[in-house]
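Q: final-v9.cif (mmCIF, C-alpha atoms) pasted underneath:
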data_input
#
loop_
_atom_site.label_atom_id
_atom_site.label_comp_id
_atom_site.auth_asym_id
_atom_site.auth_seq_id
_atom_site.Cartn_x
_atom_site.Cartn_y
_atom_site.Cartn_z
CA MET A 1 105.31 56.00 164.71
CA ASP A 2 106.37 59.43 166.01
CA PRO A 3 105.74 60.22 169.70
CA LYS A 4 103.14 62.90 168.90
CA SER A 5 101.00 60.48 166.87
CA SER A 6 101.21 57.72 169.45
CA ALA A 7 100.26 60.22 172.18
CA SER A 8 97.22 61.28 170.12
CA ILE A 9 96.21 57.64 169.60
CA ARG A 10 96.49 57.01 173.35
CA ARG A 11 94.17 59.98 174.00
CA VAL A 12 91.66 58.75 171.42
CA LEU A 13 91.76 55.26 172.91
CA ALA A 14 91.14 56.73 176.38
CA LEU A 15 87.93 58.32 175.07
CA VAL A 16 86.83 55.12 173.31
CA ARG A 17 87.53 53.13 176.46
CA LYS A 18 85.51 55.60 178.55
CA ASP A 19 82.55 55.44 176.16
CA LEU A 20 82.67 51.64 176.00
CA LEU A 21 82.83 51.43 179.80
CA GLU A 22 79.83 53.76 180.15
CA GLU A 23 77.98 51.83 177.45
CA TYR A 24 78.75 48.52 179.16
CA ARG A 25 77.41 49.83 182.48
CA ALA A 26 74.39 51.78 181.20
CA ARG A 27 73.67 50.15 177.83
CA TYR A 28 72.40 53.48 176.45
CA ALA A 29 72.89 52.81 172.74
CA ILE A 30 73.12 49.07 172.24
CA SER A 31 69.82 48.26 173.99
CA THR A 32 67.95 50.88 171.91
CA LEU A 33 69.59 49.71 168.71
CA LEU A 34 69.09 46.02 169.41
CA VAL A 35 65.43 46.23 170.45
CA PHE A 36 64.73 48.29 167.34
CA ALA A 37 66.60 45.90 165.05
CA VAL A 38 65.07 42.72 166.49
CA THR A 39 61.54 44.18 166.33
CA ILE A 40 61.91 44.96 162.62
CA LEU A 41 63.44 41.53 161.93
CA VAL A 42 60.60 39.70 163.66
CA VAL A 43 57.91 41.81 161.92
CA VAL A 44 59.53 41.29 158.50
CA GLY A 45 59.96 37.58 159.24
CA PHE A 46 56.25 37.19 160.04
CA ALA A 47 55.19 39.29 157.04
CA ALA A 48 57.31 37.29 154.60
CA GLY A 49 56.24 33.94 156.08
CA MET A 50 57.77 30.99 154.27
CA ASP A 51 57.80 32.66 150.82
CA PRO A 52 61.30 33.05 149.40
CA LEU A 53 62.18 36.73 148.82
CA PRO A 54 64.32 38.06 145.96
CA GLY A 55 67.89 39.18 146.83
CA HIS A 56 67.23 42.92 146.48
CA LEU A 57 64.41 42.74 149.06
CA HIS A 58 66.67 40.90 151.51
CA SER A 59 69.39 43.52 151.14
CA SER A 60 66.82 46.35 151.47
CA PHE A 61 65.54 44.88 154.74
CA ILE A 62 69.06 44.40 156.13
CA TRP A 63 69.96 48.04 155.43
CA LEU A 64 66.63 49.40 156.64
CA VAL A 65 67.32 47.75 159.98
CA LEU A 66 70.90 49.05 160.16
CA PHE A 67 70.03 52.59 158.96
CA PHE A 68 67.12 53.16 161.33
CA ALA A 69 68.97 51.54 164.22
CA ALA A 70 71.93 53.87 163.54
CA VAL A 71 69.88 57.06 163.44
CA THR A 72 67.89 56.00 166.51
CA GLY A 73 70.76 55.28 168.86
CA ILE A 74 73.96 56.90 167.61
CA ASP A 75 73.00 60.44 168.64
CA ARG A 76 73.42 59.28 172.26
CA SER A 77 77.22 59.53 171.97
CA PHE A 78 77.06 63.34 172.02
CA VAL A 79 73.60 63.88 173.52
CA LYS A 80 74.61 62.13 176.75
CA GLU A 81 77.60 64.51 177.12
CA GLU A 82 75.23 67.48 176.79
CA GLU A 83 72.52 66.04 179.06
CA LYS A 84 74.97 65.13 181.83
CA ASN A 85 76.87 68.43 181.45
CA THR A 86 80.10 66.57 180.80
CA SER A 87 80.69 68.27 177.45
CA PRO A 88 82.36 71.33 179.08
CA THR A 89 84.53 68.93 181.11
CA LEU A 90 85.52 67.15 177.90
CA ARG A 91 86.04 70.42 176.01
CA LEU A 92 88.44 71.61 178.71
CA ALA A 93 90.37 68.35 178.75
CA ALA A 94 90.55 67.20 175.14
CA ASP A 95 91.32 68.68 171.73
CA PRO A 96 88.44 68.57 169.21
CA ASP A 97 90.27 66.14 166.88
CA VAL A 98 90.69 63.69 169.76
CA VAL A 99 86.98 63.96 170.63
CA TYR A 100 85.91 63.50 167.00
CA ALA A 101 88.17 60.51 166.39
CA GLY A 102 87.13 58.89 169.70
CA LYS A 103 83.41 59.34 169.11
CA LEU A 104 83.71 58.11 165.50
CA ALA A 105 85.61 55.01 166.60
CA PHE A 106 83.05 54.31 169.34
CA ASN A 107 80.08 54.74 166.98
CA PHE A 108 81.73 52.51 164.38
CA LEU A 109 82.34 49.80 166.99
CA VAL A 110 78.72 49.99 168.24
CA LEU A 111 77.31 49.77 164.70
CA LEU A 112 79.71 46.96 163.85
CA ALA A 113 78.60 45.06 166.96
CA LEU A 114 74.98 45.63 165.96
CA ALA A 115 75.66 44.37 162.40
CA ALA A 116 77.47 41.34 163.85
CA LEU A 117 74.30 40.52 165.84
CA VAL A 118 71.72 41.47 163.22
CA LEU A 119 73.23 39.77 160.19
CA PRO A 120 73.40 36.19 161.60
CA LEU A 121 69.94 36.71 163.12
CA TYR A 122 68.61 37.81 159.74
CA VAL A 123 70.18 34.77 158.05
CA ILE A 124 68.61 32.44 160.65
CA LEU A 125 65.14 34.04 160.49
CA MET A 126 64.87 34.83 156.77
CA ASN A 127 67.24 32.30 155.23
CA PRO A 128 68.53 34.51 152.38
CA PRO A 129 70.78 32.82 149.80
CA VAL A 130 74.30 34.04 150.70
CA LYS A 131 76.44 33.09 147.73
CA ASN A 132 79.46 35.33 148.40
CA ALA A 133 79.90 35.70 152.17
CA PRO A 134 83.26 37.61 152.06
CA LEU A 135 81.71 40.26 149.75
CA LEU A 136 78.66 40.48 152.02
CA VAL A 137 80.95 41.12 155.02
CA ALA A 138 82.96 43.71 153.03
CA MET A 139 79.75 45.51 152.02
CA VAL A 140 78.43 45.53 155.57
CA VAL A 141 81.73 46.84 157.00
CA ALA A 142 82.00 49.54 154.30
CA GLY A 143 78.34 50.53 154.67
CA VAL A 144 78.54 50.64 158.47
CA TRP A 145 81.71 52.78 158.22
CA CYS A 146 79.86 55.28 155.97
CA LEU A 147 76.91 55.30 158.40
CA ALA A 148 79.27 55.95 161.32
CA VAL A 149 81.18 58.76 159.56
CA THR A 150 77.97 60.55 158.56
CA THR A 151 75.97 60.08 161.75
CA THR A 152 78.89 61.07 164.04
CA ILE A 153 79.18 64.63 162.73
CA LEU A 154 75.39 64.95 162.51
CA ALA A 155 75.03 63.68 166.08
CA ALA A 156 77.50 66.38 167.22
CA ILE A 157 75.41 69.06 165.47
CA VAL A 158 72.09 67.64 166.69
CA ALA A 159 73.30 67.47 170.31
CA LYS A 160 73.59 71.27 170.34
CA THR A 161 69.94 71.75 169.36
CA GLY A 162 66.75 71.49 171.38
CA THR A 163 64.99 68.99 169.06
CA ARG A 164 67.57 66.25 169.38
CA ASN A 165 65.56 63.10 168.77
CA ALA A 166 63.75 64.26 165.65
CA LEU A 167 66.64 65.87 163.83
CA LEU A 168 69.14 63.06 163.26
CA PRO A 169 66.94 60.88 160.98
CA VAL A 170 65.79 63.95 159.05
CA LEU A 171 69.34 65.22 158.48
CA SER A 172 70.80 61.76 157.83
CA PHE A 173 68.39 60.66 155.14
CA PRO A 174 69.46 62.99 152.28
CA LEU A 175 73.14 62.57 153.14
CA LEU A 176 72.92 58.78 153.30
CA LEU A 177 70.53 58.15 150.40
CA ALA A 178 73.34 57.53 147.89
CA VAL A 179 75.15 55.30 150.40
CA LEU A 180 72.00 53.27 151.05
CA THR A 181 71.24 52.67 147.37
CA THR A 182 74.87 51.67 146.79
CA VAL A 183 75.11 49.24 149.73
CA VAL A 184 71.73 47.72 148.85
CA SER A 185 72.98 47.12 145.32
CA GLY A 186 76.33 45.73 146.58
CA THR A 187 74.64 43.51 149.15
CA THR A 188 72.28 42.16 146.47
CA MET A 189 75.34 41.29 144.37
CA ALA A 190 76.89 39.46 147.34
CA LEU A 191 73.68 37.49 147.94
CA GLU A 192 73.42 36.58 144.25
CA GLY A 193 77.03 35.42 144.00
CA ALA A 194 78.83 38.29 142.20
CA GLY A 195 82.59 38.56 142.81
CA PHE A 196 84.60 41.47 144.20
CA THR A 197 85.35 42.59 140.64
CA GLY A 198 81.64 42.88 139.86
CA ALA A 199 81.07 45.01 143.00
CA ARG A 200 84.17 47.15 142.51
CA GLN A 201 82.19 50.28 141.59
CA GLU A 202 80.05 50.02 144.73
CA LEU A 203 83.08 49.55 146.97
CA GLN A 204 84.93 52.42 145.28
CA PHE A 205 81.92 54.71 145.77
CA LEU A 206 81.64 53.83 149.48
CA LEU A 207 85.36 54.43 149.98
CA SER A 208 85.26 57.78 148.14
CA TYR A 209 82.13 58.88 150.01
CA SER A 210 83.68 58.09 153.39
CA VAL A 211 86.92 59.95 152.51
CA VAL A 212 84.98 63.07 151.44
CA MET A 213 82.65 62.91 154.46
CA LEU A 214 85.55 62.29 156.85
CA THR A 215 87.48 65.29 155.49
CA VAL A 216 84.45 67.59 155.72
CA SER A 217 83.64 66.35 159.23
CA TRP A 218 87.25 66.78 160.39
CA LEU A 219 87.22 70.40 159.21
CA LEU A 220 83.75 71.15 160.55
CA PHE A 221 83.92 69.44 163.94
CA PRO A 222 86.04 72.03 165.85
CA TYR A 223 83.45 74.73 165.02
CA VAL A 224 80.57 72.49 166.09
CA TRP A 225 82.30 71.37 169.28
CA ASN A 226 83.92 74.58 170.46
CA ASP A 227 81.22 77.19 169.93
CA MET B 228 101.43 85.81 184.44
CA GLN B 229 98.27 87.78 183.65
CA LEU B 230 94.76 87.09 182.43
CA VAL B 231 93.71 90.21 180.56
CA PHE B 232 90.08 91.05 179.74
CA GLU B 233 89.87 93.66 176.99
CA SER B 234 86.48 95.32 176.32
CA VAL B 235 84.72 92.01 177.01
CA GLY B 236 80.97 91.98 176.44
CA HIS B 237 78.37 89.27 176.24
CA ALA B 238 74.61 88.96 175.87
CA TYR B 239 72.05 86.16 175.84
CA GLY B 240 69.64 87.25 173.17
CA GLU B 241 68.51 90.75 174.08
CA ARG B 242 69.80 90.53 177.66
CA ALA B 243 73.28 91.99 178.07
CA VAL B 244 75.17 90.44 180.99
CA LEU B 245 78.60 91.95 180.46
CA SER B 246 79.49 95.14 178.64
CA CYS B 247 82.92 96.51 177.86
CA LEU B 248 84.74 94.93 180.77
CA ASN B 249 88.41 95.84 181.08
CA TRP B 250 90.18 94.01 183.88
CA THR B 251 93.39 92.14 184.60
CA ALA B 252 93.82 89.21 186.97
CA THR B 253 97.41 88.67 188.03
CA ALA B 254 99.28 85.78 189.58
CA GLY B 255 100.23 85.94 193.24
CA ALA B 256 96.85 87.04 194.57
CA VAL B 257 93.33 85.68 194.50
CA SER B 258 91.03 87.54 192.09
CA VAL B 259 87.58 87.58 193.64
CA ILE B 260 84.53 88.12 191.45
CA THR B 261 81.35 89.02 193.21
CA GLY B 262 77.93 90.41 192.41
CA PRO B 263 74.26 89.54 192.66
CA ASN B 264 72.59 86.73 190.73
CA GLY B 265 72.39 87.51 187.03
CA SER B 266 75.30 89.93 187.13
CA GLY B 267 77.40 87.71 184.83
CA LYS B 268 79.84 85.98 187.22
CA THR B 269 79.43 82.54 185.63
CA THR B 270 79.46 84.01 182.12
CA LEU B 271 82.71 85.79 182.92
CA LEU B 272 84.27 82.58 184.27
CA LYS B 273 83.21 80.63 181.18
CA ILE B 274 84.77 83.29 178.98
CA ALA B 275 87.92 83.27 181.10
CA SER B 276 88.26 79.50 180.79
CA GLY B 277 87.69 79.52 177.02
CA LEU B 278 84.38 77.68 177.19
CA LEU B 279 82.43 80.68 175.88
CA ARG B 280 83.51 83.07 173.16
CA PRO B 281 82.66 86.66 174.19
CA ALA B 282 80.29 88.55 171.89
CA SER B 283 82.78 91.42 171.90
CA GLY B 284 86.33 92.00 173.12
CA ARG B 285 88.86 89.32 173.95
CA VAL B 286 90.65 87.54 176.77
CA ARG B 287 94.39 86.92 176.68
CA LEU B 288 96.50 84.76 178.96
CA VAL B 289 100.01 86.15 179.09
CA VAL B 290 102.62 83.71 180.38
CA GLY B 291 106.13 85.15 179.99
CA ASN B 292 106.54 85.82 176.27
CA ARG B 293 103.58 83.65 175.27
CA THR B 294 100.09 85.01 174.67
CA LEU B 295 97.19 82.55 174.46
CA GLU B 296 93.59 83.24 173.45
CA HIS B 297 90.22 81.46 173.68
CA GLY B 298 90.64 77.78 172.66
CA ALA B 299 94.32 77.72 173.58
CA VAL B 300 93.57 79.09 177.08
CA ARG B 301 91.35 76.08 177.77
CA ARG B 302 94.25 73.67 178.20
CA GLU B 303 95.83 75.97 180.80
CA VAL B 304 92.73 76.16 182.98
CA GLY B 305 91.41 74.10 185.86
CA TYR B 306 87.70 74.85 186.18
CA VAL B 307 85.33 73.97 189.00
CA ALA B 308 81.68 74.95 188.65
CA PRO B 309 78.29 73.61 189.75
CA GLU B 310 77.20 73.09 186.11
CA LEU B 311 80.32 71.10 185.24
CA GLY B 312 79.42 67.41 185.11
CA LEU B 313 81.26 64.25 186.11
CA TYR B 314 80.92 60.83 184.51
CA ASP B 315 78.40 59.32 186.92
CA ARG B 316 78.83 55.72 185.72
CA LEU B 317 82.60 55.85 186.24
CA THR B 318 84.21 55.59 189.66
CA ALA B 319 86.08 58.51 191.18
CA LEU B 320 89.38 56.91 190.16
CA GLU B 321 88.15 56.18 186.61
CA ASN B 322 86.98 59.79 186.23
CA LEU B 323 90.42 61.05 187.19
CA ALA B 324 92.23 58.44 185.06
CA PHE B 325 90.10 59.29 182.02
CA LEU B 326 90.64 63.05 182.31
CA ALA B 327 94.38 62.56 182.76
CA ALA B 328 94.61 60.20 179.77
CA VAL B 329 92.52 62.33 177.43
CA ARG B 330 94.69 65.35 178.32
CA GLY B 331 97.73 63.29 177.39
CA GLN B 332 99.07 63.09 180.94
CA ARG B 333 100.80 59.90 181.97
CA GLN B 334 99.77 59.32 185.56
CA SER B 335 100.26 56.07 187.42
CA ARG B 336 97.43 54.58 189.45
CA ASP B 337 99.32 55.46 192.65
CA GLN B 338 99.59 59.11 191.61
CA LEU B 339 95.86 59.26 190.91
CA VAL B 340 95.02 57.60 194.23
CA LEU B 341 97.31 60.08 195.98
CA GLN B 342 95.51 62.97 194.28
CA LEU B 343 92.17 61.62 195.52
CA GLN B 344 93.58 61.17 199.01
CA CYS B 345 94.76 64.79 199.00
CA PHE B 346 91.12 65.76 198.53
CA GLN B 347 89.94 63.39 201.28
CA LEU B 348 88.42 60.95 198.78
CA GLY B 349 90.68 58.02 199.65
CA GLY B 350 87.74 55.97 200.91
CA SER B 351 85.63 56.57 197.81
CA ILE B 352 87.99 55.82 194.95
CA HIS B 353 85.92 52.86 193.72
CA GLN B 354 82.53 54.51 194.18
CA PRO B 355 80.70 55.67 191.05
CA ALA B 356 80.72 59.46 190.84
CA GLY B 357 76.92 59.36 190.62
CA ALA B 358 76.76 57.79 194.09
CA LEU B 359 78.91 60.46 195.76
CA SER B 360 77.39 63.20 197.92
CA SER B 361 77.35 66.74 196.54
CA GLY B 362 80.27 67.69 198.80
CA MET B 363 82.32 64.71 197.66
CA ARG B 364 81.52 65.45 194.01
CA GLN B 365 82.81 68.97 194.61
CA ARG B 366 86.06 67.53 195.99
CA LEU B 367 86.34 65.23 192.97
CA LYS B 368 85.88 68.24 190.67
CA LEU B 369 88.66 70.04 192.53
CA ALA B 370 90.93 66.98 192.29
CA SER B 371 90.22 66.75 188.52
CA ALA B 372 90.76 70.47 187.94
CA LEU B 373 94.13 70.46 189.65
CA LEU B 374 95.42 67.18 188.25
CA HIS B 375 97.36 68.83 185.41
CA LYS B 376 98.67 71.64 187.66
CA PRO B 377 97.08 74.42 185.58
CA PRO B 378 98.46 77.97 185.68
CA VAL B 379 94.89 79.30 185.94
CA LEU B 380 92.34 78.00 188.44
CA VAL B 381 88.75 79.13 187.93
CA LEU B 382 86.36 78.49 190.80
CA ASP B 383 82.64 79.21 190.66
CA GLU B 384 81.25 79.24 194.21
CA PRO B 385 83.51 76.33 195.20
CA THR B 386 82.45 76.15 198.84
CA SER B 387 78.69 76.07 198.25
CA ASN B 388 78.28 72.31 198.91
CA LEU B 389 81.14 71.81 201.31
CA ASP B 390 81.28 71.17 205.04
CA ASP B 391 83.75 73.03 207.28
CA GLU B 392 86.52 70.53 206.55
CA GLY B 393 85.92 70.97 202.83
CA LYS B 394 86.01 74.75 203.14
CA VAL B 395 89.40 74.52 204.89
CA LEU B 396 90.59 72.32 202.01
CA VAL B 397 89.45 74.89 199.42
CA ARG B 398 91.19 77.65 201.36
CA LYS B 399 94.43 75.64 201.28
CA VAL B 400 94.09 74.89 197.56
CA VAL B 401 93.39 78.53 196.74
CA ARG B 402 96.37 79.79 198.76
CA GLU B 403 98.74 77.27 197.15
CA GLN B 404 97.47 78.02 193.64
CA ALA B 405 97.76 81.79 194.17
CA GLU B 406 101.47 81.33 194.93
CA ARG B 407 102.16 79.76 191.51
CA GLY B 408 99.43 81.09 189.24
CA ILE B 409 96.14 82.86 188.78
CA VAL B 410 92.99 82.16 190.78
CA LEU B 411 89.57 83.47 189.76
CA PHE B 412 87.17 82.93 192.65
CA ALA B 413 83.49 83.77 192.19
CA THR B 414 81.49 84.04 195.38
CA ASN B 415 78.64 85.86 197.06
CA GLU B 416 79.89 85.10 200.58
CA PRO B 417 80.94 88.41 202.20
CA LEU B 418 83.44 86.57 204.42
CA GLU B 419 85.20 85.04 201.42
CA VAL B 420 85.30 88.41 199.62
CA THR B 421 86.97 89.95 202.65
CA GLU B 422 89.32 87.00 203.17
CA TYR B 423 90.62 86.73 199.61
CA GLY B 424 90.62 90.42 198.61
CA PRO B 425 91.94 92.99 197.77
CA GLN B 426 91.78 92.04 194.04
CA VAL B 427 87.97 92.21 193.79
CA LEU B 428 85.79 92.64 190.71
CA ARG B 429 82.23 93.67 191.55
CA LEU B 430 79.72 93.00 188.79
CA HIS B 431 76.34 94.68 188.45
CA PRO B 432 73.28 93.20 186.71
CA ALA B 433 73.07 95.85 183.99
CA GLY B 434 76.70 95.51 182.99
CA ALA B 435 80.09 95.36 184.61
CA GLY B 436 82.29 97.48 186.70
CA ALA B 437 85.54 96.76 188.44
CA GLY B 438 86.77 98.07 191.70
CA PRO B 439 87.56 97.32 195.30
#
Starting from the file, give its structure as structure tokens.
A:
Amino acid sequence: MDPKSSASIRRVLALVRKDLLEEYRARYAISTLLVFAVTILVVVGFAAGMDPLPGHLHSSFIWLVLFFAAVTGIDRSFVKEEEKNTSPTLRLAADPDVVYAGKLAFNFLVLLALAALVLPLYVILMNPPVKNAPLLVAMVVAGVWCLAVTTTILAAIVAKTGTRNALLPVLSFPLLLAVLTTVVSGTTMALEGAGFTGARQELQFLLSYSVVMLTVSWLLFPYVWND
Amino acid sequence: MQLVFESVGHAYGERAVLSCLNWTATAGAVSVITGPNGSGKTTLLKIASGLLRPASGRVRLVVGNRTLEHGAVRREVGYVAPELGLYDRLTALENLAFLAAVRGQRQSRDQLVLQLQCFQLGGSIHQPAGALSSGMRQRLKLASALLHKPPVLVLDEPTSNLDDEGKVLVRKVVREQAERGIVLFATNEPLEVTEYGPQVLRLHPAGAGAGP
């Protein structure tokens, strides 16, 4: 790796480390996300009772929890910089691409941690039939990555507005609708025992979506962040 | 080295705070900016540091043959202002280490501790920034702003929260910086205006005007 790239990675890692350290000490995002996710799981668990649910309902519930948890807590990554007036400090110190990459990596890690907690909890409480666990994990990782890519740029935009809390879910929904229907379909396939070949279209769509969204975000972010 | 303001103007909605300001701050002397509240001192400093894009005109930093504008100026600036936040959950040392790392500076722990000691924060390196007094936070901001030895130092009322010892420290920092670069020093203290002159920009609420 050339020295310039490794220097950039070190700067991104410094930002991720800072955000993780703040999160560990304050628990801004994870507590909001976790309380939200567990509440929905318990309510759904009680509502379903002992009746077995079909696979597509299980996958819908899993992604409802992850989607709403994401749009509830992820905006904190930028909002906290605005509220604490540290965004000018960060703008003076770091290039926009470093800030974007660092915030995206942090949001992805937080959502991944949430999925790692929610998914086993869902399996314990709801007992869905998981027939292809590796595909289920691949779907969750791909879906969470798409959620992180989309909500990171939206969170940066929303942080600059006065109506922060209300805007992120409203803006996220149309952008993530196609992702949600695709991951629900892919997750249903994983629960019902389809192979990776059967879910190839879903995985290809998620990959393509994230590449397009990442490119657009990368181009847009300096304008959002600098001005 | 020069920081050149060319026909700089800015407004917040209908309220114009700066209009057609032409002014040059040069290295080797302290450039004092003064004027009553609402005259645009902070706006001017934000524009100078690249944090705010002026509504009209431009600001150029000329260093030898290089000319930098707006976003590129930002990396060359150390900025200390009341509205500039610190990471309250991180300790003083972690704040400094983070800002150095994210700028791409490779600083050892000893170098960072030394920097904090220079600003009389040696006893508070492991205290969260949120637990520091306003005067100590101001010192930490100064230590952070000067960590990368910027050619331009922008100070917005830097002595407002400081005790006498802190004010002496600021005076020393300003003098040292003026020898190797540009210092923009915004203040309303008549004594500071007299002390750091003669390069003084006096702003007026309705617009801007430069002069001794």
Q: Enumerate, as a ChimeraX atom specification, the residues matched when the PyMOL selection byres ((chain A and resi 147) around 9) is run on the file above.
A: /A:66-67,70-71,108,111,142-146,148-152,172,176,179,210
Q: To one decimal place, how far is atom CA of Arg27 of chain A from atom CA of Ala94 of chain A in Å?
A: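 So the two atoms, atom CA of Arg27 of chain A and atom CA of Ala94 of chain A, lie 24.1 Å apart.
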Q: Excluding Pro355 of chain B and its own-chain neighbours fewer than 4 positions away, which residues fall within 12 Å of it when counting all atoms listed in the file? Please give them as a VMD selection string.
A: (chain A and resid 22 25) or (chain B and resid 313 to 323 351 359 to 360 363 to 364 367)
Q: Got a sec to pull out which chain B residues are within 10 Å of chain A, counting only C-alpha atoms, and send them as a PyMOL selection string?
A: chain B and resi 273+276-280+297-307+309-317+321-322+324-333+368+371-372+375
Q: Quick one: pull the distance between atom CA of His431 of chain B and atom CA of Val401 of chain B, Å, one decimal.
A: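 It comes out at 24.9 Å.
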Q: Would you kindly return, as a PyMOL selection string, each protein, DNA or RNA residue with an atom no farther than 12 Å from any atom of segment 389-392 of chain B, considering all atoms listed in the file and excluding same-chain residues fewer than 2 positions away?
A: chain B and resi 346-347+360-367+369+384-387+394-399
Q: Could you tell me which of A:Ile74, A:Ala190, A:Leu214, A:Leu34 comes closest to Ala115 of chain A if we count all atoms listed in the file?
A: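 Checking each of A:Ile74, A:Ala190, A:Leu214, A:Leu34 against Ala115 of chain A, counting all atoms listed in the file, the winner is A:Leu34.
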Q: If you count all atoms listed in the file, which residues fall within 12 Å of Val43 of chain A, apart from same-chain ones fewer than 3 positions away, as a list in words?
A: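 Here the answer would be Phe36, Ala37, Val38, Thr39, Ile40, Phe46, Ala47, Ala48, Gly49, Phe61, Val65, Tyr122, Leu125 and Met126 of chain A.
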Q: In Å, how far is it from atom CA of Leu180 of chain A to atom CA of Gly198 of chain A?
A: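 Distance between the two atoms: 18.1 Å.
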Q: Skipping near chain neighbours, those fewer than 5 positions away, what residues fall within 6 Å of Val379 of chain B using all atoms listed in the file, listed as a PDB file with C-alpha atoms, in the coordinates of the input?
A:
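Saved to result_31.pdb:
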ATOM      1  CA  VAL B 304      92.730  76.160 182.980  1.00  0.00           C
ATOM      2  CA  GLY B 408      99.430  81.090 189.240  1.00  0.00           C
ATOM      3  CA  ILE B 409      96.140  82.860 188.780  1.00  0.00           C
ATOM      4  CA  VAL B 410      92.990  82.160 190.780  1.00  0.00           C
TER       5      VAL B 410
END
Q: Quick one: residues within 10 Å of segment 235-246 of chain B, all atoms listed in the file, excluding same-chain residues fewer than 5 positions away - as a PDB file with C-alpha atoms, in the coordinates of the input?
A:
ATOM      1  CA  GLY B 265      72.390  87.510 187.030  1.00  0.00           C
ATOM      2  CA  SER B 266      75.300  89.930 187.130  1.00  0.00           C
ATOM      3  CA  GLY B 267      77.400  87.710 184.830  1.00  0.00           C
ATOM      4  CA  LYS B 268      79.840  85.980 187.220  1.00  0.00           C
ATOM      5  CA  THR B 270      79.460  84.010 182.120  1.00  0.00           C
ATOM      6  CA  LEU B 271      82.710  85.790 182.920  1.00  0.00           C
ATOM      7  CA  ILE B 274      84.770  83.290 178.980  1.00  0.00           C
ATOM      8  CA  LEU B 279      82.430  80.680 175.880  1.00  0.00           C
ATOM      9  CA  ARG B 280      83.510  83.070 173.160  1.00  0.00           C
ATOM     10  CA  PRO B 281      82.660  86.660 174.190  1.00  0.00           C
ATOM     11  CA  ALA B 282      80.290  88.550 171.890  1.00  0.00           C
ATOM     12  CA  SER B 283      82.780  91.420 171.900  1.00  0.00           C
ATOM     13  CA  GLY B 284      86.330  92.000 173.120  1.00  0.00           C
ATOM     14  CA  ARG B 285      88.860  89.320 173.950  1.00  0.00           C
ATOM     15  CA  VAL B 286      90.650  87.540 176.770  1.00  0.00           C
ATOM     16  CA  LEU B 430      79.720  93.000 188.790  1.00  0.00           C
ATOM     17  CA  HIS B 431      76.340  94.680 188.450  1.00  0.00           C
ATOM     18  CA  PRO B 432      73.280  93.200 186.710  1.00  0.00           C
ATOM     19  CA  ALA B 433      73.070  95.850 183.990  1.00  0.00           C
ATOM     20  CA  GLY B 434      76.700  95.510 182.990  1.00  0.00           C
ATOM     21  CA  ALA B 435      80.090  95.360 184.610  1.00  0.00           C
ATOM     22  CA  GLY B 436      82.290  97.480 186.700  1.00  0.00           C
TER      23      GLY B 436
END
Q: With distances taken over all atoms listed in the file, which residue among A:Thr197, A:Ser77, A:Ala138, A:Gly45 lies nearest Tyr100 of chain A?
A: A:Ser77
Q: Take the PyMOL selection byres ((chain A and resi 196) around 10), apply it to the structure above, and return the hits as a list in words.
A: Asn132, Pro134, Leu135, Leu136, Ala138, Gly186, Met189, Ala190, Gly193, Ala194, Gly195, Thr197, Gly198, Ala199, Arg200, Gln201, Glu202 and Leu203 of chain A
Q: Here is a test: counting all atoms listed in the file, which residue of B:Asn264, B:Ala254, B:Arg287, B:Gly350 is nearest to Glu406 of chain B?
A: B:Ala254
Q: Report the residues retrieved by the PyMOL selection byres ((chain B and resi 428) around 12) from the displayed file, expressed as number ranges by chain.
A: B: 232, 248-252, 257-262, 266-268, 271, 411-415, 420, 423-427, 429-431, 435-439
Q: Put those residues in a file: C-alpha atoms, as a compact mmCIF listing (two decimals), in the frame of the given file.
A:
# COMPACT_ATOMS: atom_id res chain seq x y z
CA PHE B 232 90.08 91.05 179.74
CA LEU B 248 84.74 94.93 180.77
CA ASN B 249 88.41 95.84 181.08
CA TRP B 250 90.18 94.01 183.88
CA THR B 251 93.39 92.14 184.60
CA ALA B 252 93.82 89.21 186.97
CA VAL B 257 93.33 85.68 194.50
CA SER B 258 91.03 87.54 192.09
CA VAL B 259 87.58 87.58 193.64
CA ILE B 260 84.53 88.12 191.45
CA THR B 261 81.35 89.02 193.21
CA GLY B 262 77.93 90.41 192.41
CA SER B 266 75.30 89.93 187.13
CA GLY B 267 77.40 87.71 184.83
CA LYS B 268 79.84 85.98 187.22
CA LEU B 271 82.71 85.79 182.92
CA LEU B 411 89.57 83.47 189.76
CA PHE B 412 87.17 82.93 192.65
CA ALA B 413 83.49 83.77 192.19
CA THR B 414 81.49 84.04 195.38
CA ASN B 415 78.64 85.86 197.06
CA VAL B 420 85.30 88.41 199.62
CA TYR B 423 90.62 86.73 199.61
CA GLY B 424 90.62 90.42 198.61
CA PRO B 425 91.94 92.99 197.77
CA GLN B 426 91.78 92.04 194.04
CA VAL B 427 87.97 92.21 193.79
CA ARG B 429 82.23 93.67 191.55
CA LEU B 430 79.72 93.00 188.79
CA HIS B 431 76.34 94.68 188.45
CA ALA B 435 80.09 95.36 184.61
CA GLY B 436 82.29 97.48 186.70
CA ALA B 437 85.54 96.76 188.44
CA GLY B 438 86.77 98.07 191.70
CA PRO B 439 87.56 97.32 195.30
Q: Counting only C-alpha atoms, which residue out of B:Pro263, B:Ala275, B:Ala308, B:Gln338 sits closest to Glu416 of chain B?
A: B:Pro263
